[in-house]
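Enquirer: Dropping in target_39.cif, which is mmCIF, C-alpha atoms and all ligand atoms:
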data_my_file
loop_
_atom_site.label_atom_id
_atom_site.label_comp_id
_atom_site.auth_asym_id
_atom_site.auth_seq_id
_atom_site.Cartn_x
_atom_site.Cartn_y
_atom_site.Cartn_z
CA MET X 88 107.69 108.44 118.93
CA LYS X 89 106.62 110.11 115.70
CA VAL X 90 104.19 108.48 113.29
CA ASP X 91 103.31 109.52 109.75
CA ILE X 92 99.52 109.12 109.97
CA LEU X 93 97.21 108.91 112.99
CA ALA X 94 93.76 107.93 111.70
CA PHE X 95 90.68 108.23 113.92
CA GLY X 96 87.36 106.48 113.25
CA ALA X 97 84.10 106.63 115.18
CA HIS X 98 83.59 102.89 114.67
CA PRO X 99 85.91 99.97 113.90
CA ASP X 100 85.96 99.75 110.03
CA ASP X 101 85.24 103.45 109.30
CA VAL X 102 88.90 104.11 108.58
CA GLU X 103 89.32 101.00 106.42
CA CYS X 104 86.22 101.73 104.31
CA ALA X 105 87.02 105.36 103.62
CA ALA X 106 90.81 105.71 103.89
CA GLY X 107 92.22 102.17 103.93
CA GLY X 108 94.01 102.67 100.60
CA VAL X 109 95.89 105.74 101.77
CA LEU X 110 96.97 103.96 104.95
CA ILE X 111 98.16 100.85 103.08
CA SER X 112 100.07 103.02 100.57
CA SER X 113 101.82 104.88 103.36
CA ILE X 114 102.78 101.64 105.12
CA LEU X 115 104.13 100.10 101.90
CA ASP X 116 106.24 103.25 101.46
CA GLY X 117 107.75 102.64 104.91
CA GLY X 118 105.41 104.92 106.85
CA LYS X 119 104.26 104.38 110.42
CA VAL X 120 100.47 104.39 110.75
CA VAL X 121 98.30 104.16 113.88
CA VAL X 122 94.50 103.76 113.91
CA VAL X 123 92.38 104.87 116.86
CA ASP X 124 88.80 103.61 117.05
CA LEU X 125 86.76 106.01 119.19
CA THR X 126 84.14 103.37 120.14
CA ARG X 127 83.78 99.61 120.20
CA GLY X 128 80.86 99.68 117.75
CA GLU X 129 78.61 98.14 120.40
CA MET X 130 75.45 99.64 118.90
CA GLY X 131 76.01 97.97 115.53
CA THR X 132 73.24 95.68 114.33
CA PHE X 133 75.69 92.84 113.64
CA GLY X 134 78.55 91.45 115.72
CA ASP X 135 79.36 91.84 119.41
CA THR X 136 82.19 93.97 120.78
CA GLU X 137 84.55 91.03 121.22
CA THR X 138 84.08 89.89 117.63
CA ARG X 139 84.48 93.41 116.33
CA GLN X 140 87.69 93.87 118.31
CA GLN X 141 89.13 90.65 116.89
CA GLU X 142 88.20 91.78 113.38
CA ALA X 143 89.79 95.18 113.95
CA LEU X 144 93.03 93.53 115.10
CA LEU X 145 93.04 91.20 112.07
CA ALA X 146 92.62 94.20 109.80
CA ALA X 147 95.43 96.01 111.63
CA GLU X 148 97.73 93.05 111.05
CA HIS X 149 96.73 92.74 107.39
CA MET X 150 97.46 96.41 106.73
CA GLY X 151 100.65 96.41 108.82
CA LEU X 152 99.57 99.08 111.31
CA PHE X 153 102.12 100.15 113.89
CA ALA X 154 99.35 100.11 116.55
CA ARG X 155 95.59 100.14 116.92
CA ARG X 156 93.94 101.70 119.97
CA ASN X 157 90.38 102.12 121.21
CA LEU X 158 89.15 105.04 123.34
CA ASP X 159 85.73 103.48 124.09
CA LEU X 160 83.84 106.80 124.08
CA GLY X 161 80.44 105.14 123.59
CA ASP X 162 78.89 104.10 120.28
CA GLY X 163 75.93 106.27 119.30
CA ARG X 164 76.85 108.91 121.89
CA ILE X 165 80.22 110.36 120.94
CA GLU X 166 80.37 113.83 122.43
CA ASN X 167 82.71 116.63 121.51
CA SER X 168 83.28 117.40 125.19
CA PHE X 169 86.39 118.80 126.85
CA SER X 170 87.05 115.51 128.67
CA ASN X 171 86.87 113.59 125.37
CA ARG X 172 89.09 116.16 123.67
CA LEU X 173 91.67 115.54 126.41
CA LYS X 174 91.56 111.80 125.72
CA VAL X 175 92.17 112.44 122.01
CA ILE X 176 94.93 114.96 122.81
CA GLN X 177 96.73 112.41 124.97
CA ILE X 178 96.83 110.02 122.00
CA ILE X 179 97.99 112.78 119.61
CA ARG X 180 100.77 113.81 121.99
CA GLU X 181 101.79 110.19 122.46
CA TYR X 182 102.18 109.44 118.74
CA LYS X 183 103.13 112.93 117.42
CA PRO X 184 101.65 112.38 113.94
CA LYS X 185 102.51 114.41 110.87
CA ILE X 186 99.02 113.88 109.43
CA ILE X 187 95.71 113.22 111.17
CA LEU X 188 92.75 111.63 109.42
CA ALA X 189 89.23 111.96 110.83
CA ASN X 190 85.63 111.11 109.95
CA ALA X 191 83.61 113.08 107.41
CA ILE X 192 82.40 116.50 108.53
CA SER X 193 78.86 115.60 107.43
CA ASP X 194 77.65 112.02 107.19
CA ARG X 195 74.79 109.57 107.64
CA HIS X 196 75.74 108.44 111.16
CA PRO X 197 75.66 111.33 113.69
CA ASP X 198 78.74 109.89 115.46
CA HIS X 199 80.79 110.64 112.32
CA LYS X 200 80.15 114.40 112.43
CA ASN X 201 80.72 114.51 116.20
CA ALA X 202 83.94 112.51 115.84
CA ALA X 203 85.09 114.82 113.02
CA GLU X 204 84.64 117.91 115.19
CA LEU X 205 86.11 116.23 118.28
CA VAL X 206 89.30 115.15 116.49
CA SER X 207 89.67 118.39 114.55
CA GLN X 208 89.40 120.57 117.67
CA ALA X 209 91.63 118.26 119.72
CA SER X 210 94.27 118.44 116.97
CA PHE X 211 94.47 122.21 117.39
CA LEU X 212 94.29 122.24 121.20
CA SER X 213 97.04 119.60 121.37
CA GLY X 214 99.49 122.29 120.28
CA LEU X 215 98.71 124.63 123.18
CA LYS X 216 101.46 124.79 125.80
CA LYS X 217 99.20 125.92 128.62
CA LEU X 218 96.56 123.24 128.20
CA SER X 219 97.73 121.46 131.35
CA ASP X 220 96.92 124.63 133.35
CA VAL X 221 93.21 124.20 132.65
CA ALA X 222 93.00 120.43 132.24
CA ASN X 223 92.72 120.05 136.00
CA GLU X 224 94.52 116.74 136.01
CA GLU X 225 98.02 115.47 135.71
CA TYR X 226 98.87 116.25 132.17
CA LEU X 227 102.55 116.27 131.43
CA GLN X 228 102.93 115.41 127.76
CA GLU X 229 104.68 117.87 125.46
CA PRO X 230 102.46 119.89 123.10
CA TRP X 231 102.16 118.57 119.55
CA ARG X 232 100.17 119.80 116.58
CA PRO X 233 100.00 117.85 113.31
CA SER X 234 100.80 119.65 110.07
CA ALA X 235 97.34 118.88 108.68
CA VAL X 236 93.96 117.27 109.43
CA TYR X 237 92.02 115.68 106.57
CA HIS X 238 88.48 114.33 106.74
CA TYR X 239 87.83 111.17 104.73
CA ILE X 240 84.61 110.86 102.75
CA GLN X 241 82.43 107.90 103.70
CA ASP X 242 78.64 107.53 103.24
CA TYR X 243 77.48 110.93 102.02
CA PHE X 244 78.99 112.06 98.76
CA LEU X 245 80.97 115.22 99.54
CA LYS X 246 83.07 117.17 97.07
CA PRO X 247 86.70 116.37 97.95
CA ASP X 248 89.39 119.03 98.31
CA VAL X 249 92.07 116.47 97.50
CA VAL X 250 92.02 112.97 96.01
CA ILE X 251 94.79 110.40 96.48
CA ASP X 252 95.56 107.63 93.98
CA ILE X 253 95.07 104.19 95.60
CA SER X 254 94.97 102.10 92.40
CA SER X 255 97.98 99.95 93.29
CA VAL X 256 96.56 98.99 96.71
CA PHE X 257 92.84 98.88 95.94
CA GLU X 258 92.67 95.06 96.05
CA LYS X 259 94.43 94.96 99.41
CA LYS X 260 92.02 97.60 100.73
CA MET X 261 89.03 95.47 99.75
CA GLU X 262 90.65 92.35 101.26
CA THR X 263 91.06 94.30 104.51
CA ILE X 264 87.42 95.38 104.56
CA LYS X 265 86.32 91.75 104.11
CA LEU X 266 88.09 90.88 107.39
CA PHE X 267 85.24 92.68 109.19
CA ARG X 268 83.17 89.55 108.65
CA SER X 269 80.47 90.32 111.21
CA GLN X 270 79.68 93.55 109.39
CA PHE X 271 79.72 92.31 105.83
CA LEU X 272 79.83 88.53 105.53
CA THR X 273 77.63 86.77 108.09
CA ALA X 274 73.82 86.66 108.01
CA ASP X 275 72.40 85.53 104.67
CA ASP X 276 70.22 88.54 104.07
CA HIS X 277 72.99 90.79 105.26
CA GLN X 278 75.40 89.09 102.93
CA ALA X 279 73.14 89.72 99.97
CA ASN X 280 72.23 93.28 100.86
CA GLY X 281 75.23 94.23 102.92
CA ILE X 282 78.45 93.17 101.33
CA LEU X 283 77.39 93.46 97.74
CA ALA X 284 75.89 96.87 98.26
CA LEU X 285 78.60 98.24 100.49
CA MET X 286 81.59 96.84 98.60
CA GLY X 287 80.03 98.07 95.37
CA GLN X 288 79.46 101.51 96.84
CA ILE X 289 83.04 101.77 98.06
CA GLU X 290 84.36 100.66 94.69
CA ALA X 291 82.09 103.11 92.86
CA THR X 292 83.12 106.01 95.08
CA ASN X 293 86.82 105.21 94.65
CA LYS X 294 86.33 104.95 90.88
CA ILE X 295 84.57 108.31 90.67
CA PHE X 296 87.30 110.02 92.69
CA GLY X 297 89.92 108.29 90.51
CA ARG X 298 88.29 109.39 87.27
CA ALA X 299 88.88 113.04 88.06
CA ILE X 300 92.67 112.53 88.13
CA ASN X 301 92.72 109.84 85.44
CA VAL X 302 93.60 106.87 87.66
CA ASN X 303 91.57 103.73 88.37
CA TYR X 304 90.84 104.29 92.06
CA ALA X 305 91.26 107.16 94.51
CA GLU X 306 90.11 108.18 97.97
CA GLY X 307 88.71 111.65 98.59
CA PHE X 308 89.33 113.99 101.52
CA THR X 309 88.20 117.43 102.62
CA SER X 310 90.29 119.96 104.47
CA GLU X 311 89.21 122.84 106.69
CA ARG X 312 92.18 124.91 105.50
CA TYR X 313 93.79 125.51 102.13
CA ILE X 314 95.95 122.67 100.88
CA GLY X 315 99.40 123.90 99.86
CA ALA X 316 102.01 122.49 97.52
CA LYS X 317 105.66 123.39 96.87
CA ASN X 318 105.02 123.68 93.15
CA PHE X 319 102.49 122.77 90.47
CA SER X 320 104.49 119.79 89.21
CA SER X 321 104.04 117.92 92.50
CA ILE X 322 100.30 117.86 91.84
CA ILE X 323 99.13 115.15 89.44
ZN ZN J 401 80.93 104.62 111.44
#
Could you spell out this file's structure in structure tokens?
Expert:
Amino acid sequence: MKVDILAFGAHPDDVECAAGGVLISSILDGGKVVVVDLTRGEMGTFGDTETRQQEALLAAEHMGLFARRNLDLGDGRIENSFSNRLKVIQIIREYKPKIILANAISDRHPDHKNAAELVSQASFLSGLKKLSDVANEEYLQEPWRPSAVYHYIQDYFLKPDVVIDISSVFEKKMETIKLFRSQFLTADDHQANGILALMGQIEATNKIFGRAINVNYAEGFTSERYIGAKNFSSII
């Protein structure tokens, strides 16, 4: 199995908020996309784990994901440990993605930074042939390394290394985010302060990133390595 994008998020809805447009665009172009939530979001102020799982599956269906998985690494305590890296590597080797998306390298929630480092390091280690020699457990999958890892930009405003036009799918992205009702649409005070503020922030961020390349909406990403192109004309 080979997928086009494997997108990891510390919490259910991270991926949708920060990179939902890119995922929807890829799917509409015929791409295969898988989302992996690293935790069940059990520390969130609103919604229980069962509700959040149902919402995540609704969002997966709405976007047309090939699959959605959950590694249950513990909300509020994601560790970039070797055992967690092995869990991420098993998923990478299962889906053999071309591109991996991960949380922001610096962000408001400490899980985001830890998840970013965990996924980034696992993406490299996944390509090592001799990993099974030190994994100390049955570990028979073939090595696989993605061609690139990009970190989406979420709560903190980071300067992107690349921005991707999502104008044609922006409405569908926002519809998808609204499916996480427990996070954005339930309690009255939360509705007033939560959805309006958060949806407005996402829209504003996507507009600012879009402005730089003269489109209506874009999502921004950072990369730990140089981003290459075949020629200048493929860059808009
Ligand atoms: Zn999060």
Enquirer: Mind pulling up the distance from atom CA of Lys260 of chain X to atom CA of Ala106 of chain X?
Expert: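 Separation of atom CA of Ala106 of chain X and atom CA of Lys260 of chain X: 8.8 Å.
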Enquirer: Do you have, as a tab-separated table, the list of residues of chain X lying at most 6 Å from ligand ZN 401 (chain J), each with its nearest atom pair and that distance in Å to one decimal, counting only C-alpha atoms and all ligand atoms and ordered by chain then number?
Expert:
residue	atom	partner	partner_atom	distance
X:Ala97	CA	J:ZN401	ZN	5.3
X:His98	CA	J:ZN401	ZN	4.5
X:Asp101	CA	J:ZN401	ZN	5.0
Enquirer: Find the residues near Cys104 of chain X: any atom within 8 Å, counting all atoms listed in the file, skip ones fewer than 4 places away on the same chain, and give them as a PyMOL selection string.
Expert: chain X and resi 100+241+260+264+289
Enquirer: From the set X:Ala235, X:Leu266, X:Ile295, X:Leu285, which residue has the shortest atom-to-atom contact distance to Leu145 of chain X, counting only C-alpha atoms?
Expert: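 Ranked by minimum distance to Leu145 of chain X, first place goes to X:Leu266.
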Enquirer: Can you list, as a ChimeraX atom specification, every protein, DNA or RNA residue that comes within 6 Å of segment 108-111 of chain X when you count only C-alpha atoms, leaving out same-chain residues fewer than 3 positions away?
Expert: /X:114,150,253,256,260
Enquirer: Between atom CA of Gly307 of chain X and atom CA of His238 of chain X, measure the distance and give it in Å to one decimal.
Expert: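 Distance reported for this atom pair: 8.6 Å.
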Enquirer: Would you compute the distance between atom CA of Lys89 of chain X and atom CA of Lys119 of chain X? Give it in Å to one decimal.
Expert: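 Spanning atom CA of Lys89 of chain X to atom CA of Lys119 of chain X is a straight-line distance of 8.1 Å.
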Enquirer: Restore N, CA and C atoms in segment 226-260 of chain X and list the result as a compact mmCIF listing (two decimals), in the frame of the given file.
Expert:
# COMPACT_ATOMS: atom_id res chain seq x y z
N TYR X 226 98.91 116.20 133.62
CA TYR X 226 98.87 116.25 132.17
C TYR X 226 100.21 116.76 131.67
N LEU X 227 101.16 115.84 131.57
CA LEU X 227 102.55 116.27 131.43
C LEU X 227 103.13 116.10 130.03
N GLN X 228 102.34 115.63 129.08
CA GLN X 228 102.93 115.41 127.76
C GLN X 228 103.28 116.74 127.09
N GLU X 229 104.28 116.68 126.23
CA GLU X 229 104.68 117.87 125.46
C GLU X 229 103.62 118.21 124.42
N PRO X 230 103.42 119.51 124.15
CA PRO X 230 102.46 119.89 123.10
C PRO X 230 102.87 119.32 121.74
N TRP X 231 101.89 119.02 120.93
CA TRP X 231 102.16 118.57 119.55
C TRP X 231 100.97 118.92 118.68
N ARG X 232 101.25 119.54 117.54
CA ARG X 232 100.17 119.80 116.58
C ARG X 232 100.57 119.20 115.24
N PRO X 233 99.68 118.43 114.62
CA PRO X 233 100.00 117.85 113.31
C PRO X 233 100.05 118.95 112.24
N SER X 234 100.72 118.64 111.13
CA SER X 234 100.80 119.65 110.07
C SER X 234 99.46 119.79 109.34
N ALA X 235 98.63 118.76 109.37
CA ALA X 235 97.34 118.88 108.68
C ALA X 235 96.34 117.84 109.19
N VAL X 236 95.06 118.20 109.11
CA VAL X 236 93.96 117.27 109.43
C VAL X 236 93.12 117.14 108.16
N TYR X 237 92.89 115.92 107.73
CA TYR X 237 92.02 115.68 106.57
C TYR X 237 90.85 114.81 107.01
N HIS X 238 89.68 115.12 106.44
CA HIS X 238 88.48 114.33 106.74
C HIS X 238 88.19 113.40 105.55
N TYR X 239 88.17 112.10 105.82
CA TYR X 239 87.83 111.17 104.73
C TYR X 239 86.34 111.22 104.43
N ILE X 240 86.01 110.81 103.22
CA ILE X 240 84.61 110.86 102.75
C ILE X 240 84.05 109.45 102.79
N GLN X 241 82.93 109.27 103.48
CA GLN X 241 82.43 107.90 103.70
C GLN X 241 81.06 107.67 103.07
N ASP X 242 79.96 107.91 103.76
CA ASP X 242 78.64 107.53 103.24
C ASP X 242 77.99 108.61 102.37
N TYR X 243 78.01 109.84 102.85
CA TYR X 243 77.48 110.93 102.02
C TYR X 243 78.52 111.31 100.99
N PHE X 244 78.04 111.64 99.79
CA PHE X 244 78.99 112.06 98.76
C PHE X 244 79.30 113.54 98.93
N LEU X 245 80.51 113.84 99.38
CA LEU X 245 80.97 115.22 99.54
C LEU X 245 81.99 115.52 98.45
N LYS X 246 82.07 116.78 98.07
CA LYS X 246 83.07 117.17 97.07
C LYS X 246 84.44 117.21 97.75
N PRO X 247 85.39 116.39 97.29
CA PRO X 247 86.70 116.37 97.95
C PRO X 247 87.53 117.61 97.63
N ASP X 248 88.40 117.98 98.56
CA ASP X 248 89.39 119.03 98.31
C ASP X 248 90.68 118.45 97.75
N VAL X 249 90.90 117.15 98.05
CA VAL X 249 92.07 116.47 97.50
C VAL X 249 91.70 115.00 97.29
N VAL X 250 92.21 114.41 96.23
CA VAL X 250 92.02 112.97 96.01
C VAL X 250 93.38 112.31 95.89
N ILE X 251 93.50 111.11 96.46
CA ILE X 251 94.79 110.40 96.48
C ILE X 251 94.64 109.09 95.72
N ASP X 252 95.56 108.85 94.81
CA ASP X 252 95.56 107.63 93.98
C ASP X 252 95.82 106.40 94.85
N ILE X 253 94.88 105.45 94.83
CA ILE X 253 95.07 104.19 95.60
C ILE X 253 95.01 102.97 94.68
N SER X 254 95.17 103.20 93.37
CA SER X 254 94.97 102.10 92.40
C SER X 254 95.81 100.87 92.72
N SER X 255 97.07 101.09 93.09
CA SER X 255 97.98 99.95 93.29
C SER X 255 97.66 99.15 94.55
N VAL X 256 96.86 99.71 95.45
CA VAL X 256 96.56 98.99 96.71
C VAL X 256 95.06 98.75 96.88
N PHE X 257 94.30 99.01 95.81
CA PHE X 257 92.84 98.88 95.94
C PHE X 257 92.42 97.47 96.34
N GLU X 258 93.05 96.45 95.72
CA GLU X 258 92.67 95.06 96.05
C GLU X 258 92.95 94.76 97.52
N LYS X 259 94.08 95.22 98.01
CA LYS X 259 94.43 94.96 99.41
C LYS X 259 93.46 95.70 100.34
N LYS X 260 93.02 96.88 99.93
CA LYS X 260 92.02 97.60 100.73
C LYS X 260 90.74 96.77 100.84
